[in-house]
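> final_21.csv is reproduced in full below (CSV, C-alpha atoms).
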```
chain,number,residue,atom,x,y,z
A,1,MET,CA,-39.3,21.6,-8.2
A,2,ALA,CA,-36.4,20.0,-9.9
A,3,ILE,CA,-35.5,17.2,-7.5
A,4,ILE,CA,-32.7,15.1,-8.7
A,5,GLN,CA,-33.7,11.5,-8.8
A,6,PRO,CA,-31.3,8.6,-9.1
A,7,VAL,CA,-31.0,7.4,-12.7
A,8,ALA,CA,-32.9,4.2,-13.1
A,9,GLY,CA,-30.6,1.2,-13.2
A,10,GLU,CA,-27.8,3.1,-11.6
A,11,PRO,CA,-28.3,2.7,-7.9
A,12,GLU,CA,-26.9,5.3,-5.6
A,13,PRO,CA,-23.4,4.4,-4.4
A,14,HIS,CA,-23.4,2.5,-1.1
A,15,PRO,CA,-22.7,4.8,1.9
A,16,ASP,CA,-19.8,2.6,2.8
A,17,LEU,CA,-17.9,3.7,-0.3
A,18,ALA,CA,-17.7,7.3,1.1
A,19,LEU,CA,-16.2,5.9,4.3
A,20,VAL,CA,-13.8,3.8,2.4
A,21,GLU,CA,-12.7,6.8,0.4
A,22,ARG,CA,-12.1,8.8,3.6
A,23,VAL,CA,-10.0,6.0,5.0
A,24,ARG,CA,-8.0,5.9,1.8
A,25,GLY,CA,-7.4,9.6,2.3
A,26,GLY,CA,-5.9,8.9,5.7
A,27,ASP,CA,-9.0,9.4,7.9
A,28,VAL,CA,-8.8,6.6,10.5
A,29,THR,CA,-12.0,7.7,12.3
A,30,ALA,CA,-13.9,6.6,9.1
A,31,TYR,CA,-12.5,3.2,9.6
A,32,ASP,CA,-13.7,3.1,13.2
A,33,ALA,CA,-17.2,3.8,11.8
A,34,LEU,CA,-16.9,0.8,9.5
A,35,VAL,CA,-15.6,-1.3,12.4
A,36,ARG,CA,-18.6,-0.3,14.5
A,37,LYS,CA,-20.9,-1.1,11.7
A,38,TYR,CA,-19.7,-4.6,11.0
A,39,GLU,CA,-17.9,-5.8,14.1
A,40,ARG,CA,-20.8,-7.9,15.3
A,41,GLN,CA,-21.2,-9.6,12.0
A,42,VAL,CA,-17.5,-10.4,11.6
A,43,PHE,CA,-17.3,-11.7,15.1
A,44,ARG,CA,-20.4,-13.9,14.6
A,45,ILE,CA,-19.0,-15.4,11.4
A,46,ALA,CA,-15.7,-16.1,13.0
A,47,GLN,CA,-17.3,-17.7,16.0
A,48,HIS,CA,-19.6,-19.8,13.8
A,49,ILE,CA,-16.6,-21.1,11.8
A,50,THR,CA,-14.0,-21.5,14.5
A,51,GLN,CA,-16.4,-22.5,17.2
A,52,ASN,CA,-13.9,-21.0,19.7
A,53,ARG,CA,-14.2,-17.6,21.4
A,54,GLU,CA,-10.5,-16.8,21.5
A,55,ASP,CA,-10.0,-17.7,17.9
A,56,ALA,CA,-13.0,-15.6,17.0
A,57,GLU,CA,-11.6,-12.6,18.8
A,58,ASP,CA,-8.2,-13.1,17.0
A,59,VAL,CA,-10.0,-13.5,13.7
A,60,MET,CA,-12.0,-10.4,14.1
A,61,GLN,CA,-8.9,-8.4,14.9
A,62,ASP,CA,-6.9,-9.9,12.0
A,63,ALA,CA,-9.8,-9.5,9.5
A,64,PHE,CA,-10.3,-5.8,10.2
A,65,LEU,CA,-6.5,-5.2,10.2
A,66,LYS,CA,-6.1,-7.0,7.0
A,67,ALA,CA,-9.0,-5.2,5.4
A,68,TYR,CA,-7.5,-1.9,6.5
A,69,GLU,CA,-4.1,-2.7,5.0
A,70,LYS,CA,-5.5,-4.1,1.8
A,71,LEU,CA,-8.1,-1.4,1.3
A,72,ASP,CA,-6.4,-0.3,-1.9
A,73,GLN,CA,-7.2,-3.7,-3.3
A,74,PHE,CA,-10.9,-3.2,-2.7
A,75,GLN,CA,-12.3,-2.5,-6.1
A,76,GLY,CA,-15.6,-1.1,-5.2
A,77,ASN,CA,-17.5,-3.3,-7.6
A,78,SER,CA,-18.7,-5.5,-4.7
A,79,LYS,CA,-20.0,-4.2,-1.4
A,80,PHE,CA,-17.4,-3.4,1.2
A,81,TYR,CA,-19.3,-5.7,3.6
A,82,THR,CA,-19.1,-8.8,1.3
A,83,TRP,CA,-15.4,-8.1,0.7
A,84,LEU,CA,-14.9,-7.9,4.5
A,85,VAL,CA,-16.9,-11.1,5.0
A,86,ARG,CA,-14.7,-12.9,2.5
A,87,ILE,CA,-11.6,-11.8,4.4
A,88,ALA,CA,-13.2,-12.9,7.7
A,89,VAL,CA,-14.2,-16.3,6.3
A,90,ASN,CA,-10.6,-16.9,5.0
A,91,GLU,CA,-9.1,-15.8,8.2
A,92,SER,CA,-11.4,-18.1,10.1
A,93,LEU,CA,-10.5,-21.1,8.0
A,94,MET,CA,-6.8,-20.3,8.3
A,95,ARG,CA,-7.2,-20.1,12.1
A,96,LEU,CA,-8.9,-23.6,12.1
A,97,ARG,CA,-6.0,-24.9,10.0
A,98,LYS,CA,-3.5,-23.6,12.4
A,99,ARG,CA,-5.3,-25.1,15.4
A,100,ARG,CA,-5.3,-28.5,13.6
A,101,THR,CA,-1.6,-28.1,12.9
A,102,GLY,CA,-1.7,-27.7,9.2
A,103,LYS,CA,-4.4,-30.2,8.4
A,104,MET,CA,-6.4,-29.0,5.4
A,105,VAL,CA,-9.6,-27.4,6.3
A,106,SER,CA,-12.2,-26.7,3.8
A,107,ILE,CA,-15.8,-25.7,3.9
A,108,ASP,CA,-16.6,-29.1,2.4
A,109,GLU,CA,-15.6,-30.8,5.6
A,110,ASP,CA,-18.1,-33.1,7.2
A,111,ILE,CA,-20.4,-32.5,4.3
A,112,VAL,CA,-21.3,-36.2,3.9
A,113,THR,CA,-24.0,-36.9,6.4
A,114,ASP,CA,-26.6,-39.5,6.8
A,115,GLU,CA,-28.9,-37.0,8.3
A,116,GLY,CA,-30.6,-36.1,5.1
A,117,SER,CA,-33.1,-33.4,4.2
A,118,VAL,CA,-36.3,-35.3,4.3
A,119,PRO,CA,-38.2,-33.9,7.2
A,120,ARG,CA,-39.0,-36.6,9.8
A,121,ASP,CA,-40.2,-34.9,12.9
A,122,LEU,CA,-43.4,-33.4,11.8
A,123,ALA,CA,-44.9,-32.3,15.1
A,124,ASP,CA,-46.0,-28.7,14.8
A,125,TRP,CA,-44.5,-26.0,17.0
A,126,ALA,CA,-46.1,-23.8,19.6
A,127,PRO,CA,-47.0,-20.4,18.2
A,128,ASP,CA,-44.1,-18.6,19.8
A,129,PRO,CA,-42.0,-21.5,21.0
A,130,GLU,CA,-39.0,-19.4,22.0
A,131,GLN,CA,-41.1,-17.8,24.8
A,132,ASN,CA,-41.0,-21.1,26.7
A,133,TYR,CA,-37.3,-20.4,27.4
A,134,GLY,CA,-35.3,-17.7,29.1
A,135,GLN,CA,-32.9,-15.6,27.0
A,136,ALA,CA,-29.8,-17.4,28.1
A,137,GLU,CA,-31.4,-20.8,27.8
A,138,LEU,CA,-32.6,-20.1,24.3
A,139,ALA,CA,-29.2,-18.8,23.2
A,140,GLU,CA,-27.7,-22.0,24.5
A,141,ILE,CA,-30.2,-24.1,22.6
A,142,LEU,CA,-29.6,-22.1,19.4
A,143,ARG,CA,-25.8,-22.4,19.8
A,144,LYS,CA,-25.9,-26.1,20.4
A,145,THR,CA,-28.2,-26.7,17.6
A,146,ILE,CA,-26.3,-24.8,15.0
A,147,GLN,CA,-23.0,-26.2,16.2
A,148,GLY,CA,-24.3,-29.6,15.4
A,149,LEU,CA,-24.6,-28.8,11.7
A,150,PRO,CA,-21.9,-29.9,9.3
A,151,GLN,CA,-19.5,-27.0,8.7
A,152,GLY,CA,-20.3,-26.7,5.0
A,153,PHE,CA,-24.0,-26.3,5.8
A,154,ARG,CA,-23.5,-24.0,8.8
A,155,ILE,CA,-21.4,-21.4,7.0
A,156,VAL,CA,-23.9,-21.2,4.1
A,157,PHE,CA,-26.8,-20.8,6.5
A,158,VAL,CA,-25.0,-18.1,8.5
A,159,LEU,CA,-24.0,-16.1,5.5
A,160,ARG,CA,-27.3,-16.4,3.8
A,161,ASP,CA,-29.9,-16.3,6.5
A,162,VAL,CA,-28.2,-14.7,9.5
A,163,GLU,CA,-25.8,-12.2,7.8
A,164,GLY,CA,-28.1,-11.5,4.8
A,165,LEU,CA,-25.7,-12.2,1.9
A,166,SER,CA,-27.4,-13.1,-1.4
A,167,THR,CA,-27.0,-16.5,-2.9
A,168,GLU,CA,-24.6,-15.1,-5.4
A,169,GLU,CA,-22.5,-13.3,-2.8
A,170,THR,CA,-22.4,-16.4,-0.7
A,171,ALA,CA,-21.3,-18.5,-3.6
A,172,GLU,CA,-18.5,-16.0,-4.5
A,173,THR,CA,-17.4,-15.7,-0.9
A,174,LEU,CA,-17.1,-19.5,-0.4
A,175,GLY,CA,-16.0,-20.4,-3.9
A,176,LEU,CA,-19.0,-22.5,-4.4
A,177,SER,CA,-21.4,-22.8,-7.3
A,178,ILE,CA,-24.8,-21.2,-7.0
A,179,PRO,CA,-26.6,-24.6,-7.1
A,180,ALA,CA,-24.2,-25.9,-4.4
A,181,VAL,CA,-25.1,-22.9,-2.2
A,182,LYS,CA,-28.8,-23.5,-2.8
A,183,SER,CA,-28.7,-27.2,-2.0
A,184,ARG,CA,-26.7,-26.6,1.2
A,185,LEU,CA,-29.0,-23.9,2.3
A,186,LEU,CA,-32.0,-26.1,2.0
A,187,ARG,CA,-30.4,-28.9,3.8
A,188,ALA,CA,-29.1,-26.6,6.5
A,189,ARG,CA,-32.5,-25.0,7.0
A,190,LEU,CA,-34.2,-28.4,7.2
A,191,GLN,CA,-31.7,-29.9,9.5
A,192,LEU,CA,-31.9,-26.9,11.9
A,193,ARG,CA,-35.6,-27.1,11.8
A,194,GLU,CA,-35.6,-30.7,12.7
A,195,ARG,CA,-33.1,-30.3,15.5
A,196,LEU,CA,-35.0,-27.3,16.9
A,197,SER,CA,-38.2,-29.4,16.9
A,198,ARG,CA,-36.8,-31.3,19.8
A,199,TYR,CA,-37.3,-28.2,21.9
A,200,PHE,CA,-40.2,-26.4,20.2
A,201,HIS,CA,-42.8,-29.1,20.0
A,202,LYS,CA,-46.3,-28.0,20.5
A,203,ARG,CA,-46.5,-30.3,23.4
A,204,LYS,CA,-45.2,-28.4,26.4
A,205,ALA,CA,-41.4,-28.5,26.2
A,206,SER,CA,-40.3,-31.4,28.2
A,207,LYS,CA,-37.2,-31.7,30.4
A,208,ASP,CA,-35.8,-34.3,28.1
A,209,PRO,CA,-34.9,-32.6,24.9
A,210,ARG,CA,-34.2,-35.8,23.0
A,211,PRO,CA,-36.7,-36.5,20.2
A,212,LYS,CA,-39.2,-39.2,20.6
A,213,ALA,CA,-38.0,-40.5,17.3
A,214,ALA,CA,-39.8,-43.7,16.5
A,215,GLY,CA,-43.1,-42.8,18.0
A,216,ARG,CA,-43.3,-39.5,16.1
A,217,ARG,CA,-42.4,-40.7,12.8
A,218,GLU,CA,-45.0,-40.3,10.2
A,219,SER,CA,-44.9,-40.4,6.4
A,220,ALA,CA,-43.0,-37.4,5.4
A,221,PRO,CA,-43.0,-35.3,2.3
A,222,GLY,CA,-40.8,-36.9,-0.3
A,223,GLU,CA,-40.5,-40.2,1.4
A,224,THR,CA,-42.4,-42.0,-1.2
A,225,ASN,CA,-39.6,-41.7,-3.8
A,226,SER,CA,-36.9,-41.6,-1.2
A,227,GLY,CA,-33.4,-41.1,-2.7
A,228,GLU,CA,-34.6,-40.5,-6.2
A,229,ASN,CA,-35.4,-36.9,-6.0
A,230,ARG,CA,-33.5,-35.4,-3.1
A,231,PRO,CA,-33.7,-31.7,-2.8
A,232,GLU,CA,-29.9,-31.2,-3.2
A,233,GLU,CA,-30.2,-32.7,-6.6
A,234,THR,CA,-33.2,-30.8,-7.7
A,235,GLY,CA,-31.8,-27.5,-6.4
A,236,GLY,CA,-29.5,-27.2,-9.3
A,237,GLU,CA,-32.0,-27.4,-12.0
A,238,LYS,CA,-33.7,-24.1,-11.4
B,1,MET,CA,-47.9,-31.1,-7.0
B,2,THR,CA,-46.2,-33.8,-4.9
B,3,CYS,CA,-44.5,-33.2,-1.5
B,4,THR,CA,-41.1,-33.8,-3.1
B,5,GLU,CA,-41.8,-31.1,-5.7
B,6,PHE,CA,-43.0,-28.8,-2.9
B,7,LEU,CA,-39.8,-29.5,-0.9
B,8,ALA,CA,-37.6,-28.7,-3.9
B,9,LEU,CA,-39.2,-25.2,-4.1
B,10,LEU,CA,-39.4,-24.6,-0.3
B,11,ASP,CA,-36.5,-22.2,-0.2
B,12,ASP,CA,-37.7,-20.2,-3.1
B,13,LEU,CA,-41.1,-19.9,-1.4
B,14,ILE,CA,-39.5,-18.8,1.8
B,15,ASP,CA,-37.2,-16.4,0.0
B,16,GLY,CA,-40.0,-15.0,-2.1
B,17,THR,CA,-38.3,-15.9,-5.4
B,18,VAL,CA,-41.1,-17.8,-7.0
B,19,THR,CA,-43.3,-16.6,-9.8
B,20,PRO,CA,-46.9,-15.8,-8.9
B,21,GLU,CA,-48.1,-18.9,-10.8
B,22,THR,CA,-45.7,-21.2,-8.9
B,23,ARG,CA,-46.6,-19.5,-5.6
B,24,ALA,CA,-50.2,-20.3,-6.3
B,25,GLU,CA,-49.4,-23.9,-6.9
B,26,LEU,CA,-47.4,-24.2,-3.8
B,27,GLU,CA,-50.1,-22.5,-1.7
B,28,THR,CA,-52.7,-24.9,-3.1
B,29,HIS,CA,-50.5,-27.8,-2.1
B,30,LEU,CA,-50.1,-26.3,1.4
B,31,VAL,CA,-53.9,-26.1,1.9
B,32,GLY,CA,-54.2,-29.9,1.4
B,33,CYS,CA,-51.0,-31.1,3.0
B,34,ALA,CA,-50.6,-30.7,6.8
B,35,HIS,CA,-47.1,-32.1,6.7
B,36,CYS,CA,-45.8,-29.6,4.2
B,37,GLU,CA,-47.6,-26.8,6.1
B,38,VAL,CA,-45.7,-27.8,9.2
B,39,VAL,CA,-42.4,-28.0,7.4
B,40,PHE,CA,-43.0,-24.7,5.8
B,41,SER,CA,-44.0,-22.8,8.9
B,42,THR,CA,-41.4,-24.2,11.2
B,43,THR,CA,-38.6,-23.8,8.7
B,44,ARG,CA,-39.6,-20.1,8.3
B,45,LYS,CA,-39.7,-19.8,12.1
B,46,THR,CA,-36.2,-21.4,12.3
B,47,ILE,CA,-34.7,-18.7,10.1
B,48,GLU,CA,-36.6,-16.0,11.9
B,49,ILE,CA,-35.3,-17.2,15.3
B,50,TYR,CA,-31.7,-17.3,14.2
B,51,ARG,CA,-32.0,-13.9,12.6
B,52,SER,CA,-33.5,-12.2,15.6
B,53,HIS,CA,-31.4,-13.7,18.4
B,54,GLU,CA,-27.8,-12.7,19.1
B,55,ILE,CA,-26.2,-16.0,20.2
B,56,TYR,CA,-22.7,-14.8,20.4
B,57,ASP,CA,-22.1,-11.6,22.3
B,58,LEU,CA,-19.3,-9.4,21.3
B,59,PRO,CA,-16.6,-9.6,24.1
B,60,ASN,CA,-16.1,-6.5,26.1
B,61,GLY,CA,-13.0,-4.5,25.2
B,62,LEU,CA,-12.6,-6.2,21.9
B,63,ARG,CA,-13.5,-3.0,20.0
B,64,ASP,CA,-11.0,-1.0,22.0
B,65,ARG,CA,-8.2,-3.5,21.4
B,66,LEU,CA,-9.0,-3.4,17.7
B,67,HIS,CA,-9.0,0.3,17.7
B,68,ALA,CA,-5.6,0.5,19.4
B,69,ALA,CA,-4.2,-2.1,16.9
B,70,ILE,CA,-5.5,-0.1,13.9
B,71,MET,CA,-4.1,3.2,15.3
B,72,ALA,CA,-0.7,1.5,15.8
B,73,ARG,CA,-0.7,0.4,12.1
B,74,CYS,CA,-1.9,3.8,11.1
B,75,LYS,CA,1.1,5.5,12.8
B,76,LYS,CA,3.4,3.2,10.8
B,77,GLY,CA,1.4,3.3,7.6
B,78,CYS,CA,-0.4,6.5,7.1
B,79,SER,CA,1.8,9.2,8.5
```
Represent the supplied structure as structure tokens.

Amino acid sequence: MAIIQPVAGEPEPHPDLALVERVRGGDVTAYDALVRKYERQVFRIAQHITQNREDAEDVMQDAFLKAYEKLDQFQGNSKFYTWLVRIAVNESLMRLRKRRTGKMVSIDEDIVTDEGSVPRDLADWAPDPEQNYGQAELAEILRKTIQGLPQGFRIVFVLRDVEGLSTEETAETLGLSIPAVKSRLLRARLQLRERLSRYFHKRKASKDPRPKAAGRRESAPGETNSGENRPEETGGEK
Amino acid sequence: MTCTEFLALLDDLIDGTVTPETRAELETHLVGCAHCEVVFSTTRKTIEIYRSHEIYDLPNGLRDRLHAAIMARCKKGCS
């Protein structure tokens, strides 16, 4: 009858913590379990930042090795996963820097863009637009589309929407303020949406993926006070 | 509610972080604004597509190489 319930407000410890404790006690197989659990995420993040397969492979290896060696520094007050992601992001940025022979690389790079957030292409999409493409073709479209985003938007989108970090975790990982994460996320989502519209229009996907820009342009949400109340400015007020 | 105001709250609507009152206002706006309805539904779909499709496959053998590298460190570090 007496079933022990977790105390309200004190969530049960994350299962990763038990694995981390076992690794600290010298059990390497527990670390293998952590690697298997997060290898895809770490590789994806590295690939999204470095945009290079070899670099992403190196980053994944370096990130897991570094996490293994520094496990004593893991405090346990954040999730192991977010701690690992932070290492992976830093390793990826370091790798980029190396490739560009020491040129400073930051996540703010390319952040200034004329392609704003105000939606322009407002054609609706087919109900399941991805079904008009084969797996490989769709993956190529998705890769090309996200690679075209400014890096500072792409990383925020990947961490928040693909890898499932919270706004707070993303801010902490990237050293950004919460309003900055929110405004970048909105702009990233809207830019991706707009770019994907070229492929996912309700009209049967054409062979030419370029948007029919001028012809499709209609009055868009927010255009009436263009510039005065851009989403990235309002994002910080909440 | 204007389209600009709607757009400023789009992420919160998608992420489900709006109060019931705000949600009701946003939904009322959506009913009367085809443009925002398209932006809302296609933005949500954009996120869903990126979440559900693996666009970078993990290279073969990478896990094994990593395992070997960890074991090598372990022999040095945890014996």
> Which residue, B:Arg73, B:Phe6, B:Thr19, B:Ile55, has the smallest gap to chain A when you use all atoms listed in the file?
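For chain A, the nearest of the given residues is B:Ile55.
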> How many Å separate atom CA of Thr173 of chain A from atom CA of Leu142 of chain A?
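Distance between the two atoms: 24.5 Å.
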> Can you tell me, as JSON, numbers by chain, what residues are no more than 10 Å from segment 125-136 of chain A when counting all atoms listed in the file, ignoring any on the same chain fewer than 5 positions away?
{"A": [141, 142, 196, 197, 198, 199, 200, 201, 202, 203, 204, 205], "B": [38, 41, 42, 45, 49, 53, 54, 55]}
> Between A:Thr145, A:Thr170, A:Gln61, A:Thr50, which is the closest to chain B once you count all atoms listed in the file?
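Nearest candidate to chain B out of A:Thr145, A:Thr170, A:Gln61, A:Thr50: A:Gln61.
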> Restricting the calculation to all atoms listed in the file, which member of B:His67, B:Ala8, B:Ala34, B:Asn60 is positioned closest to Val28 of chain A?
B:His67
> Taking only C-alpha atoms into account, what are the residues of chain B at most 9 Å from chain A, put as a PyMOL selection string?
chain B and resi 2-11+35-36+38-39+41-59+62-63+65-67+69-71+73-74+77-79
> Near Asn77 of chain A, within 12 Å and counting all atoms listed in the file, which residues show up once chain neighbours fewer than 5 positions away are dropped, as a PyMOL selection string?
chain A and resi 13-14+17+82-83
> Report, in Å with one decimal, the straight-line distance from atom CA of Ala46 of chain A to atom CA of Gly76 of chain A.
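So the answer is 23.6 Å.
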